[in-house]
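**Student:** Encoded as structure tokens, here's the structure I'll be asking about.
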Amino acid sequence: MIEFTPNVQKGSDPLYIQLYKSIRLEIQKGHLPAHTKLPSQRQLAKHLNVSRNTVDIAYQQLSAEGYVKGVERKGLFVVPLNQDLFFPEPKQGLFRTEETSAPVTPTRFNFRYGEVDLEHFPYKQWRKYTLESIHRENRDLFLYGYHQGELGLRKEIAHYIYQSRGVRCLPEQIVVGAGTQYLVDLLCKLIGTKVSYAMEEPGYNRIRETFQHAGVSLSPVPLDDQGIRVDKLYESNANVVYVTPSHQFPTGLLMPLSRRNELLEWAKNVDGYIIEDDYDGEFRYVGLPIPALQGIDHHEHVIYLGTFAKSLTPAARISYAVLPQRLLSHYSENFTHLQQTVSRFHQYTLERFMESGDWWRHLNRTKTRYKSRQQTLLRALKTHMPDLNVSGNDSGLHVIVEPNLPLSEEELIRRAETLGVAVYPTSIYYANEKPATHKYCSDLLAYRKKQLKKAFNR
């Protein structure tokens, strides 16, 4: 049963952003109390007459920000929150009735992670190849496809990742799947749940939840300034580790060659697997591109994961895994019954997009635009808030910003909101409690607030 109706209508913001903001506000105001179960994607999409993708993306963002949490086989539930963080001590008379909404400062600057540039999306070319996919001569695309994905697309992916990331593989080693989380879940089935797994601490919260839902034993392994600590990885007794070596999420660290060799040596010694997630490896702004870990693996221990979610669009749900030969044999013997999860039409469209050369042109233009935007942001931060600590800015689509203020993460986010600025927490990426890293400064708080207002009013 739908117990609330979010305000979603055609306007300046995409529908999924409107839906996400509407549900978030209902949670913040307490209208959706803790432990409330949200409607399923199908139910809410039908109720609002929107696509399931719209609901899916909105729910994913709410989950990433810690407003809701998924419970296996049960659904999404609202997480207990302290409402005072969002609407603290209103003046008497501000709320005339229980239904009166608290004043909300409009968001002027939204630094949400994961947004792609929709203004410059190659609509014309994508539409052209999409229309090709539904021509009569391509009517076979209306039938079930190959379980690993369309061969033509896998050939294009194999060529691309060799040219750009140094990944060495045959098209037969590639498995296409609907998102990285789906592929990680598949890998848990392939490798098995009886072995021990590990991942970086901090690390991508959705992947952590995927491992947990798969029922595997998972150990968080701390980082140092070169990436995951291999000595601690040995201590974890893990056989499989998930890493993001080219742009560690969320810290932005780049794993140097020496640490990569240590990690490969670990995999060889324990006869285990390294799951290398290269989620935004295309976007490097300083120095030469860093080859993937898979490209220097000579003992078939690295499973390479890639996605088009950041470089093209997350809505297409096209990701892929490159399996080592020994794991591929196990897959071919035991998992060919699994149907392909990505639309054949989208696969064909992407294949033609890559084959034509439009993909490379789009990627190069996108790199240039993202680099320009990042440089603009970094210049603004340096000019207006020079005592900020900024990290993770050599590559990727996000940076980590740490103000030198004796304030909690929640308070910093709340105060930014009052200025119309949306920033997001890093605490959700820790399996254990996030260590305190706040640096104190002698600046008066009133002076810092004045600086912030000046910066964001420009």
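Residues are named by chain letter and number: chains run A, B, ... in the order of the structure tokens, numbers start at 1 in each chain, and ligands are numbered from 1 in the order shown.
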Skip Val286 (chain A) itself and residues of its chain fewer than 6 positions away, then list as a short mmCIF file (atom, residue, chain, number, x, y, z; two decimals) with N, CA and C atoms, in the first residue's frame all residues within 10 Å of it, counting only C-alpha atoms.
**Tutor:**
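Result written to part.cif:
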```
data_model
loop_
_atom_site.label_atom_id
_atom_site.label_comp_id
_atom_site.auth_asym_id
_atom_site.auth_seq_id
_atom_site.Cartn_x
_atom_site.Cartn_y
_atom_site.Cartn_z
N LYS A 371 37.51 17.78 -16.48
CA LYS A 371 38.77 18.36 -15.99
C LYS A 371 38.61 19.86 -15.78
N ASN A 393 42.12 14.60 -5.97
CA ASN A 393 41.80 15.45 -7.11
C ASN A 393 42.65 15.19 -8.35
N ASP A 394 43.43 14.12 -8.37
CA ASP A 394 44.23 13.82 -9.57
C ASP A 394 43.41 13.11 -10.64
N SER A 395 42.30 12.53 -10.25
CA SER A 395 41.50 11.78 -11.21
C SER A 395 40.09 11.61 -10.65
#
```
**Student:** Can you list, as a VMD selection string, all residues belonging to region 367-400 of chain A that DSSP tags as strand (DSSP E or B)?
**Tutor:** chain A and resid 389 to 391 395 400
**Student:** What's the 8 Å shell around Val55 (chain A), counting only C-alpha atoms, without same-chain residues fewer than 4 positions away, as a list in words?
**Tutor:**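 Counting only C-alpha atoms, the residues come to Tyr16, Leu19, Gln41, Leu44, Ala45, Val50, Ser51 and Tyr59 of chain A.
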**Student:** Convert the current residue selection to file output with C-alpha atoms, as a PDB file, in the first residue's frame.
**Tutor:**
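Once everything was written out, this is selection12.pdb:
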```pdb
ATOM      1  CA  TYR A  16      14.629  11.082 -10.088  1.00  0.00           C
ATOM      2  CA  LEU A  19      11.631  12.045  -6.162  1.00  0.00           C
ATOM      3  CA  GLN A  41      10.275   0.133  -7.023  1.00  0.00           C
ATOM      4  CA  LEU A  44       5.992   3.384  -6.507  1.00  0.00           C
ATOM      5  CA  ALA A  45       6.779   3.617 -10.239  1.00  0.00           C
ATOM      6  CA  VAL A  50       7.233   7.013 -13.800  1.00  0.00           C
ATOM      7  CA  SER A  51       9.859   4.476 -14.868  1.00  0.00           C
ATOM      8  CA  TYR A  59      16.359   4.943  -3.839  1.00  0.00           C
TER       9      TYR A  59
END
```
**Student:** Which residues, written as a count of residues only, have at least one atom at most 9 Å from Glu65 (chain A), with only C-alpha atoms counted and residues fewer than 6 positions away on the same chain left out?
**Tutor:** 3
**Student:** Hey, can you check how far CA of Arg259 (chain A) sits from CA of His301 (chain A)?
**Tutor:** 15.6 Å
**Student:** What does the distance from CA of Asp13 (chain A) to CA of Phe308 (chain A) come to in Å, to one decimal?
**Tutor:**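 Computing the Euclidean distance for CA of Asp13 (chain A) and CA of Phe308 (chain A) yields 22.8 Å.
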**Student:** Using only C-alpha atoms, find each residue of region 251-349 of chain A with at least one atom at most 8 Å away from an atom of region 217-235 of chain A; report its shortest atom-to-atom pair and that distance in Å (one decimal), sort the rows by chain and rising residue number, and return the result as CSV.
**Tutor:**
```
residue,atom,partner,partner_atom,distance
A:Leu253,CA,A:Gly227,CA,6.3
A:Leu254,CA,A:Gln226,CA,6.8
A:Met255,CA,A:Gln226,CA,5.2
A:Pro256,CA,A:Gln226,CA,6.4
A:Arg259,CA,A:Gln226,CA,6.8
A:Glu262,CA,A:Val230,CA,6.8
A:Leu263,CA,A:Val230,CA,6.3
A:Trp266,CA,A:Val230,CA,7.4
```
**Student:** Could you take the residues named above and write them with N, CA, C and O atoms, as an mmCIF file, in the first residue's frame?
**Tutor:**
```cif
data_model
loop_
_atom_site.group_PDB
_atom_site.id
_atom_site.type_symbol
_atom_site.label_atom_id
_atom_site.label_comp_id
_atom_site.auth_asym_id
_atom_site.auth_seq_id
_atom_site.Cartn_x
_atom_site.Cartn_y
_atom_site.Cartn_z
ATOM 1 N N LEU A 253 42.909 7.857 -3.520
ATOM 2 C CA LEU A 253 44.309 7.415 -3.574
ATOM 3 C C LEU A 253 44.605 6.645 -4.855
ATOM 4 O O LEU A 253 43.764 5.891 -5.354
ATOM 5 N N LEU A 254 45.812 6.813 -5.364
ATOM 6 C CA LEU A 254 46.309 6.030 -6.488
ATOM 7 C C LEU A 254 47.299 5.010 -5.958
ATOM 8 O O LEU A 254 48.275 5.376 -5.291
ATOM 9 N N MET A 255 47.059 3.735 -6.214
ATOM 10 C CA MET A 255 47.954 2.687 -5.734
ATOM 11 C C MET A 255 49.195 2.622 -6.618
ATOM 12 O O MET A 255 49.095 2.369 -7.813
ATOM 13 N N PRO A 256 50.402 2.866 -6.057
ATOM 14 C CA PRO A 256 51.625 2.835 -6.868
ATOM 15 C C PRO A 256 51.997 1.410 -7.267
ATOM 16 O O PRO A 256 51.469 0.428 -6.724
ATOM 17 N N ARG A 259 53.023 -1.165 -4.488
ATOM 18 C CA ARG A 259 51.926 -1.748 -3.730
ATOM 19 C C ARG A 259 51.122 -2.722 -4.594
ATOM 20 O O ARG A 259 50.631 -3.742 -4.097
ATOM 21 N N GLU A 262 52.923 -5.921 -4.510
ATOM 22 C CA GLU A 262 52.693 -6.594 -3.224
ATOM 23 C C GLU A 262 51.340 -7.289 -3.215
ATOM 24 O O GLU A 262 51.203 -8.417 -2.708
ATOM 25 N N LEU A 263 50.347 -6.618 -3.772
ATOM 26 C CA LEU A 263 48.995 -7.175 -3.795
ATOM 27 C C LEU A 263 48.932 -8.404 -4.694
ATOM 28 O O LEU A 263 48.298 -9.419 -4.346
ATOM 29 N N TRP A 266 50.472 -11.237 -2.893
ATOM 30 C CA TRP A 266 49.529 -11.789 -1.915
ATOM 31 C C TRP A 266 48.577 -12.777 -2.585
ATOM 32 O O TRP A 266 48.351 -13.880 -2.076
#
```
**Student:** Extract, using only C-alpha atoms, all DNA, RNA and protein residues at most 8 Å from region 103-112 of chain A, discarding same-chain residues fewer than 5 positions from it, and format them as a PDB file with N, CA, C and O atoms, in the first residue's frame.
**Tutor:**
```pdb
ATOM      1  N   GLU A 417      23.879  23.301   4.280  1.00  0.00           N
ATOM      2  CA  GLU A 417      22.501  23.324   3.770  1.00  0.00           C
ATOM      3  C   GLU A 417      21.838  24.675   3.995  1.00  0.00           C
ATOM      4  O   GLU A 417      21.070  25.144   3.164  1.00  0.00           O
ATOM      5  N   THR A 418      22.143  25.314   5.135  1.00  0.00           N
ATOM      6  CA  THR A 418      21.531  26.610   5.412  1.00  0.00           C
ATOM      7  C   THR A 418      22.000  27.678   4.441  1.00  0.00           C
ATOM      8  O   THR A 418      21.364  28.727   4.297  1.00  0.00           O
ATOM      9  N   LEU A 419      23.116  27.420   3.761  1.00  0.00           N
ATOM     10  CA  LEU A 419      23.624  28.342   2.744  1.00  0.00           C
ATOM     11  C   LEU A 419      23.242  27.895   1.339  1.00  0.00           C
ATOM     12  O   LEU A 419      23.707  28.473   0.356  1.00  0.00           O
ATOM     13  N   GLY A 420      22.409  26.864   1.252  1.00  0.00           N
ATOM     14  CA  GLY A 420      21.989  26.386  -0.063  1.00  0.00           C
ATOM     15  C   GLY A 420      23.019  25.517  -0.741  1.00  0.00           C
ATOM     16  O   GLY A 420      23.021  25.386  -1.965  1.00  0.00           O
ATOM     17  N   VAL A 421      23.910  24.906   0.039  1.00  0.00           N
ATOM     18  CA  VAL A 421      24.978  24.064  -0.509  1.00  0.00           C
ATOM     19  C   VAL A 421      24.785  22.638  -0.004  1.00  0.00           C
ATOM     20  O   VAL A 421      24.703  22.402   1.207  1.00  0.00           O
ATOM     21  N   ALA A 422      24.704  21.696  -0.931  1.00  0.00           N
ATOM     22  CA  ALA A 422      24.542  20.285  -0.564  1.00  0.00           C
ATOM     23  C   ALA A 422      25.879  19.574  -0.678  1.00  0.00           C
ATOM     24  O   ALA A 422      26.446  19.476  -1.769  1.00  0.00           O
ATOM     25  N   VAL A 423      26.406  19.135   0.449  1.00  0.00           N
ATOM     26  CA  VAL A 423      27.612  18.302   0.475  1.00  0.00           C
ATOM     27  C   VAL A 423      27.251  16.998   1.170  1.00  0.00           C
ATOM     28  O   VAL A 423      26.231  16.904   1.853  1.00  0.00           O
ATOM     29  N   TYR A 424      28.087  15.987   1.030  1.00  0.00           N
ATOM     30  CA  TYR A 424      27.684  14.642   1.436  1.00  0.00           C
ATOM     31  C   TYR A 424      28.739  13.981   2.312  1.00  0.00           C
ATOM     32  O   TYR A 424      29.927  14.286   2.213  1.00  0.00           O
TER      33      TYR A 424
END
```
**Student:** Dump as a tab-separated table the rows for residues of region 250-326 of chain A within 12 Å of region 354-361 of chain A: closest atom pair and distance in Å with one decimal, only C-alpha atoms counted, ordered by chain and rising residue number.
**Tutor:**
```
residue	atom	partner	partner_atom	distance
A:Glu282	CA	A:Trp360	CA	11.0
A:Phe308	CA	A:Trp359	CA	10.8
A:Ser311	CA	A:Trp359	CA	9.6
A:Leu312	CA	A:Trp359	CA	8.9
```
**Student:** Please save N, CA, C and O atoms of the selected residues as a PDB file, in the first residue's frame.
**Tutor:**
```pdb
ATOM      1  N   GLU A 282      38.756   6.024 -16.555  1.00  0.00           N
ATOM      2  CA  GLU A 282      38.959   6.846 -17.751  1.00  0.00           C
ATOM      3  C   GLU A 282      39.375   8.274 -17.415  1.00  0.00           C
ATOM      4  O   GLU A 282      39.986   8.958 -18.234  1.00  0.00           O
ATOM      5  N   PHE A 308      30.042   1.581 -17.734  1.00  0.00           N
ATOM      6  CA  PHE A 308      29.782   2.769 -18.551  1.00  0.00           C
ATOM      7  C   PHE A 308      28.895   3.764 -17.799  1.00  0.00           C
ATOM      8  O   PHE A 308      28.427   4.735 -18.384  1.00  0.00           O
ATOM      9  N   SER A 311      31.040   7.136 -17.455  1.00  0.00           N
ATOM     10  CA  SER A 311      31.522   7.706 -18.713  1.00  0.00           C
ATOM     11  C   SER A 311      30.414   7.946 -19.722  1.00  0.00           C
ATOM     12  O   SER A 311      30.584   8.727 -20.653  1.00  0.00           O
ATOM     13  N   LEU A 312      29.257   7.290 -19.548  1.00  0.00           N
ATOM     14  CA  LEU A 312      28.167   7.434 -20.507  1.00  0.00           C
ATOM     15  C   LEU A 312      26.862   7.755 -19.791  1.00  0.00           C
ATOM     16  O   LEU A 312      26.458   8.905 -19.713  1.00  0.00           O
TER      17      LEU A 312
END
```
**Student:** Considering only alpha helix (DSSP H) as DSSP defines it on the backbone, what residues of region 265-456 of chain A qualify? List them as JSON, numbers by chain.
**Tutor:** {"A": [265, 266, 267, 268, 269, 270, 325, 326, 327, 328, 329, 330, 331, 332, 333, 334, 344, 345, 346, 347, 348, 349, 350, 351, 352, 353, 354, 355, 358, 359, 360, 361, 362, 363, 364, 365, 366, 367, 368, 369, 370, 371, 372, 373, 374, 375, 376, 377, 378, 379, 380, 381, 382, 383, 384, 409, 410, 411, 412, 413, 414, 415, 416, 417, 418, 445, 446, 447, 448, 449, 450, 451, 452, 453, 454, 455, 456]}
**Student:** Excluding Ile157 (chain A) and its own-chain neighbours fewer than 3 positions away, which residues fall within 9 Å of it when counting only C-alpha atoms? Please give them as a list in words.
**Tutor:**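 With the cut-off at 9 Å, the set is Gly152, Leu153, Arg154, Tyr160, Ile161, Tyr162, Pro171, Ile174, Tyr320, Glu351 and Met354 of chain A.
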**Student:** Need the shell around region 114-116 of chain A: protein/DNA/RNA residues with any atom at most 9 Å away, counting only C-alpha atoms. Skip same-chain ones fewer than 4 positions apart. Format as a list in words?
**Tutor:**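 Returned residues: Phe121, Ala309, Lys310, Ser311, Leu312, Thr313, Pro314, Leu397 and His398 of chain A.
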**Student:** Could you write those residues out with C-alpha atoms, as a PDB file, in the first residue's frame?
**Tutor:**
```pdb
ATOM      1  CA  PHE A 121      25.133  13.643 -23.681  1.00  0.00           C
ATOM      2  CA  ALA A 309      27.779   4.358 -15.723  1.00  0.00           C
ATOM      3  CA  LYS A 310      30.218   7.241 -15.176  1.00  0.00           C
ATOM      4  CA  SER A 311      31.522   7.706 -18.713  1.00  0.00           C
ATOM      5  CA  LEU A 312      28.167   7.434 -20.507  1.00  0.00           C
ATOM      6  CA  THR A 313      24.980   6.963 -18.466  1.00  0.00           C
ATOM      7  CA  PRO A 314      24.011   4.901 -15.411  1.00  0.00           C
ATOM      8  CA  LEU A 397      34.633  12.513 -10.503  1.00  0.00           C
ATOM      9  CA  HIS A 398      34.826  13.625  -6.886  1.00  0.00           C
TER      10      HIS A 398
END
```
**Student:** Looking at A:Phe335, A:Leu405, A:Ser372, A:Gln347, which one is nearest to Ala316 (chain A), with distances taken over only C-alpha atoms?
**Tutor:** A:Gln347
**Student:** Check the smallest atom-to-atom distance from each of A:Ala34, A:Leu378, A:Val176, A:Thr383 to Val68 (chain A) using only C-alpha atoms, then report the winner.
**Tutor:**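 Selected residue with least distance to Val68 (chain A): A:Ala34.
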**Student:** Can you work out the spacing between CA of Gly149 (chain A) and CA of Ser63 (chain A) in Å, to one decimal?
**Tutor:**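 It comes out at 28.9 Å.
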**Student:** Nearest to His47 (chain A) among A:Gln18, A:Gln60, A:Ser133, A:Asn7, with distances taken over only C-alpha atoms: which residue is it?
**Tutor:** A:Asn7
**Student:** With distances taken over only C-alpha atoms, which of A:Pro202, A:Gly306, A:Gly252, A:Gly66 is nearest to Val78 (chain A)?
**Tutor:**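 Going through A:Pro202, A:Gly306, A:Gly252, A:Gly66 one by one, the smallest distance to Val78 (chain A) is for A:Gly66.
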